[in-house]
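Heads up: the structure comes next, in structure tokens.
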Amino acid sequence: MVERRTVLRWGSAGVLGVLLPGGTAMVASRLPARGGPRSVAASGGPPRGAFTVPLPVPTVLEPVSTAGGVDRYEIRQSVGHQSFLPEVSTEIWGYQGTFPGPTIVARRGRRVIVNHRNELSVPTVVHLHGGVVPPRDDGYPVDYVQPPGVPADAMQAADSRYGVAGIATGSREYVYPNEQPAATLWYHDHRMGFTGPSVYRGLAGFYLIRDEVDDALPLPRGERDIPLLIADRTLDEDGSLFYPLEDPTMHTAGVTVDYHHSGMVGDTVTVNGVAWPVLEVDAARYRLRFLNASNARPYRLELDPPPPDGNGFVQIGSELGLLPKPVLHDMFVVAPGERYDIVIDFARYRPGTRVVLKNNVGQGDTAYVMRFDITRRVGDDTRIPATLTAEPVPPPRTEGSADRRFSFFIGPEGVKGPPMINGNVFDVRRIDARPTLGTTEIWDLTADPMHPVHLHGAHFRILKRDGQPPDPQDAGWKDTVFVPSGGMRLSVTFAGHRGKYLLHCHNLEHGDAGMMANLEIV
Ligand code: C2O
Ligand code: CU
């Protein structure tokens, strides 16, 4: 049973929201994709007041030093305040007190060192999602950064013996080699058992890697290269973030039974920290780096109206860099943790057109994401070359039978059974697989019915989806994939570092409840 809640909405006067009862009452049934996305039923139109607040773009963090070929950054993890809705101040946890956190822009081949200072009241862990990073800097969930004056409890101390980097007090330096192609990565909290609530409160930001291959392409850049962090939230009537913690003191992990199966799905879609924003665009090409940083909600995005001949989304990159050639889409699914590097040519619309970015598996308010308002014709000397980058090395292994199988199981709705991988709940002490560095394995993944699966320490290509050839949107190197009930076959390449890494569900509530496994790359 989902409890009826009172939630804060857009006000009729556009100031403080009127209180609409029952806004989240249907939240569990709004979840798309029980065995496949379904289209939105007749909708009541966009949420009142939507598309009035301009899209913010997260600030790019300045290094404190660039000496010795290393870019050094300092980040404070602190309480901040955010207006998800106009004139409503919501307390968040943020990198530099902001949500999204500041964007770090790294150069391929130049090391980045980020010193994270924990000024929050809880332990934190930072993971660079998509980064090829040695285990000690990867943010293993028990490699805690304790707030000063808050000693690790007995459980943390016991678990951390099976961690990689040990417990730090106050701050930790994370070292990122950036020896990988230009790509859209992100950094976020990964604390054992509490990744869901910590990311939900705001601990997430972009980390972009640039390189010469990407720079040399005539793609949109500068103000027309925009990262979009999509995240759903639910605000309580006092403007605070609603999160269904079972233990409000956050000593024991877990959400209430009504959110156990779905994960935390909210009723308000935010982009770069603002609900249903609007972006005024020139009639020109824009590079939009989509990240689904939602805890649990997948989106299937489409443009309304679509451009005259369709194919409004030109995908130029997957999660880990440029595709060999662009791929065209009318819509694409982005599951929690996934990124899509997309160019939209707004010159295909007449100035004055308002194009809504819709989530066609959302219902009611969650069927809307943001709007692009096309303002004026301009000269545009960008283009999308037919060849973007060379075929990646090493080529994926495509032949042979599965080397490993992983099943992701949460069980029936309404039952708080443990989420499991291959029948096991996560145990920091247990190694679940030992792949060898320098090899490529074939993995078969299955899910009941769908889980967004993320792998640390290795990247993969999709060989099969539901037993069939992959979808166009499955192209390229990936680190996260929305595994359907019919399963997925991957070619997984271990080309990074030796050591202990995670394989887990990026439905953060599933991961927190135990849908994680340990890999030791040997
Ligand atoms: Cu984006 Cu293991 O996480
Ligand atoms: Cu899951």
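Going by the structure tokens order, chains are called A, B, ..., each with residues numbered from 1, while ligands are numbered from 1 in the order shown.
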
Counting only C-alpha atoms and all ligand atoms, which protein, DNA or RNA residues come within 7 Å of ligand 1, given as a PDB file with N, CA, C and O atoms, in the first residue's frame?
ATOM      1  N   HIS A 127      32.373   8.072  -5.796  1.00  0.00           N
ATOM      2  CA  HIS A 127      32.655   7.188  -6.931  1.00  0.00           C
ATOM      3  C   HIS A 127      32.638   8.003  -8.216  1.00  0.00           C
ATOM      4  O   HIS A 127      31.742   8.826  -8.412  1.00  0.00           O
ATOM      5  N   HIS A 129      31.775   7.578 -11.721  1.00  0.00           N
ATOM      6  CA  HIS A 129      31.016   6.598 -12.511  1.00  0.00           C
ATOM      7  C   HIS A 129      31.458   6.668 -13.980  1.00  0.00           C
ATOM      8  O   HIS A 129      31.274   7.686 -14.629  1.00  0.00           O
ATOM      9  N   HIS A 188      29.427  10.646  -7.837  1.00  0.00           N
ATOM     10  CA  HIS A 188      28.304  10.637  -6.897  1.00  0.00           C
ATOM     11  C   HIS A 188      28.669   9.843  -5.654  1.00  0.00           C
ATOM     12  O   HIS A 188      29.655   9.116  -5.635  1.00  0.00           O
ATOM     13  N   HIS A 190      28.558   6.974  -2.799  1.00  0.00           N
ATOM     14  CA  HIS A 190      28.429   5.515  -2.916  1.00  0.00           C
ATOM     15  C   HIS A 190      28.496   4.838  -1.558  1.00  0.00           C
ATOM     16  O   HIS A 190      28.964   3.704  -1.443  1.00  0.00           O
ATOM     17  N   GLY A 337      21.777   6.011 -14.133  1.00  0.00           N
ATOM     18  CA  GLY A 337      23.221   5.825 -14.280  1.00  0.00           C
ATOM     19  C   GLY A 337      23.706   5.970 -15.710  1.00  0.00           C
ATOM     20  O   GLY A 337      24.880   6.225 -15.947  1.00  0.00           O
ATOM     21  N   HIS A 454      25.195  -1.749 -13.429  1.00  0.00           N
ATOM     22  CA  HIS A 454      26.426  -0.957 -13.600  1.00  0.00           C
ATOM     23  C   HIS A 454      27.629  -1.751 -13.132  1.00  0.00           C
ATOM     24  O   HIS A 454      27.584  -2.419 -12.111  1.00  0.00           O
ATOM     25  N   LEU A 455      28.687  -1.634 -13.916  1.00  0.00           N
ATOM     26  CA  LEU A 455      29.926  -2.338 -13.619  1.00  0.00           C
ATOM     27  C   LEU A 455      31.038  -1.319 -13.393  1.00  0.00           C
ATOM     28  O   LEU A 455      31.223  -0.407 -14.200  1.00  0.00           O
ATOM     29  N   HIS A 456      31.750  -1.455 -12.292  1.00  0.00           N
ATOM     30  CA  HIS A 456      32.938  -0.645 -12.049  1.00  0.00           C
ATOM     31  C   HIS A 456      34.163  -1.393 -12.588  1.00  0.00           C
ATOM     32  O   HIS A 456      34.184  -2.614 -12.606  1.00  0.00           O
ATOM     33  N   LEU A 502      32.987  -3.196  -7.926  1.00  0.00           N
ATOM     34  CA  LEU A 502      31.585  -3.566  -7.754  1.00  0.00           C
ATOM     35  C   LEU A 502      30.890  -3.821  -9.080  1.00  0.00           C
ATOM     36  O   LEU A 502      31.177  -3.172 -10.082  1.00  0.00           O
ATOM     37  N   HIS A 504      26.736  -3.815  -9.747  1.00  0.00           N
ATOM     38  CA  HIS A 504      25.527  -3.619  -8.942  1.00  0.00           C
ATOM     39  C   HIS A 504      24.381  -3.048  -9.744  1.00  0.00           C
ATOM     40  O   HIS A 504      24.555  -2.572 -10.868  1.00  0.00           O
ATOM     41  N   HIS A 506      21.878  -0.141 -10.439  1.00  0.00           N
ATOM     42  CA  HIS A 506      21.896   1.309 -10.221  1.00  0.00           C
ATOM     43  C   HIS A 506      20.511   1.857  -9.875  1.00  0.00           C
ATOM     44  O   HIS A 506      20.335   3.071  -9.773  1.00  0.00           O
TER      45      HIS A 506
END

Listing only residues of range 199-223 of chain A within 12 Å of range 232-256 of chain A, what is the closest atom pair and its distance in Å (to one decimal) for each, using only C-alpha atoms, sorted by chain and residue number ascending, as CSV?
residue,atom,partner,partner_atom,distance
A:Val199,CA,A:Arg233,CA,11.0
A:Tyr200,CA,A:Arg233,CA,7.6
A:Arg201,CA,A:Leu241,CA,7.3
A:Gly202,CA,A:Leu241,CA,10.1

Restricting it to C-alpha atoms, dump the selection as a short mmCIF file (atom, residue, chain, number, x, y, z; two decimals), in the first residue's frame.
data_model
loop_
_atom_site.label_atom_id
_atom_site.label_comp_id
_atom_site.auth_asym_id
_atom_site.auth_seq_id
_atom_site.Cartn_x
_atom_site.Cartn_y
_atom_site.Cartn_z
CA VAL A 199 22.49 10.91 -4.00
CA TYR A 200 18.83 11.86 -3.62
CA ARG A 201 19.80 14.68 -1.28
CA GLY A 202 22.12 15.97 -3.96
#

Give one line per residue of chain A that approaches ligand 2 to at most 6 Å, naming the two atoms of the closest pair and their distance in Å to one decimal, counting only C-alpha atoms and all ligand atoms; sort by chain then ascending residue number and deliver it as CSV.
residue,atom,partner,partner_atom_place_in_ligand_line,distance
A:His451,CA,ligand 2,1 (Cu),4.1
A:Cys505,CA,ligand 2,1 (Cu),4.6
A:Asn507,CA,ligand 2,1 (Cu),4.9
A:His510,CA,ligand 2,1 (Cu),4.9

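For Gly379 in chain A, the residues within 12 Å (counting only C-alpha atoms, excluding itself and residues fewer than 5 positions away along the chain) are A:Asp282, A:Ala283, A:Ala284, A:Arg285, A:Ala347.
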
For N, CA and C atoms, I'd like the residues from the last selection saved as a PDB file, in the first residue's frame.
ATOM      1  N   ASP A 282      19.002  28.885 -29.895  1.00  0.00           N
ATOM      2  CA  ASP A 282      19.049  29.380 -31.264  1.00  0.00           C
ATOM      3  C   ASP A 282      18.624  28.239 -32.184  1.00  0.00           C
ATOM      4  N   ALA A 283      18.218  28.589 -33.386  1.00  0.00           N
ATOM      5  CA  ALA A 283      17.924  27.558 -34.377  1.00  0.00           C
ATOM      6  C   ALA A 283      19.270  27.037 -34.887  1.00  0.00           C
ATOM      7  N   ALA A 284      19.868  26.159 -34.104  1.00  0.00           N
ATOM      8  CA  ALA A 284      21.220  25.677 -34.390  1.00  0.00           C
ATOM      9  C   ALA A 284      21.390  24.335 -33.688  1.00  0.00           C
ATOM     10  N   ARG A 285      22.543  23.714 -33.943  1.00  0.00           N
ATOM     11  CA  ARG A 285      22.820  22.425 -33.292  1.00  0.00           C
ATOM     12  C   ARG A 285      23.287  22.633 -31.853  1.00  0.00           C
ATOM     13  N   ALA A 347      17.636  23.978 -35.823  1.00  0.00           N
ATOM     14  CA  ALA A 347      17.366  24.661 -37.093  1.00  0.00           C
ATOM     15  C   ALA A 347      16.321  23.892 -37.908  1.00  0.00           C
TER      16      ALA A 347
END

All residues 7 Å or closer to range 217-228 of chain A, only C-alpha atoms, same chain fewer than 6 positions away omitted, as a PyMOL selection string: chain A and resi 271-272+285-291+382-384

Write to file, as a short mmCIF file (atom, residue, chain, number, x, y, z; two decimals), in the first residue's frame, the residues of the selection just made, with C-alpha atoms.
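Generated file (result.cif):
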data_model
loop_
_atom_site.label_atom_id
_atom_site.label_comp_id
_atom_site.auth_asym_id
_atom_site.auth_seq_id
_atom_site.Cartn_x
_atom_site.Cartn_y
_atom_site.Cartn_z
CA VAL A 271 16.90 18.98 -14.86
CA ASN A 272 20.12 20.45 -13.48
CA ARG A 285 22.82 22.43 -33.29
CA TYR A 286 23.28 21.73 -29.60
CA ARG A 287 25.23 18.96 -27.97
CA LEU A 288 23.23 17.72 -25.01
CA ARG A 289 24.83 15.22 -22.64
CA PHE A 290 21.95 13.37 -21.03
CA LEU A 291 22.54 11.78 -17.64
CA THR A 382 28.92 22.97 -36.90
CA ARG A 383 28.19 19.63 -38.49
CA ILE A 384 28.07 16.00 -37.54
#

Using only C-alpha atoms, which protein or nucleic acid residues come within 7 Å of Glu91 in chain A? Drop anything in the same chain fewer than 3 positions from it, and give the result as a VMD selection string. chain A and resid 79 to 82 240

Go ahead and save the residues from that selection, with N, CA, C and O atoms, as a CSV table (one decimal), in the first residue's frame.
chain,number,residue,atom,x,y,z
A,79,VAL,N,25.9,21.0,3.4
A,79,VAL,CA,24.5,21.3,3.3
A,79,VAL,C,24.4,22.6,2.5
A,79,VAL,O,25.2,23.5,2.6
A,80,GLY,N,23.4,22.6,1.7
A,80,GLY,CA,23.1,23.8,0.9
A,80,GLY,C,21.6,23.9,0.7
A,80,GLY,O,20.8,23.2,1.3
A,81,HIS,N,21.2,24.9,-0.1
A,81,HIS,CA,19.8,25.2,-0.3
A,81,HIS,C,19.6,25.3,-1.8
A,81,HIS,O,20.4,25.9,-2.5
A,82,GLN,N,18.5,24.8,-2.2
A,82,GLN,CA,18.2,24.7,-3.7
A,82,GLN,C,16.8,25.0,-3.9
A,82,GLN,O,15.9,24.6,-3.1
A,240,SER,N,10.7,20.3,2.0
A,240,SER,CA,11.9,19.4,2.2
A,240,SER,C,11.7,18.2,1.3
A,240,SER,O,10.7,17.9,0.8
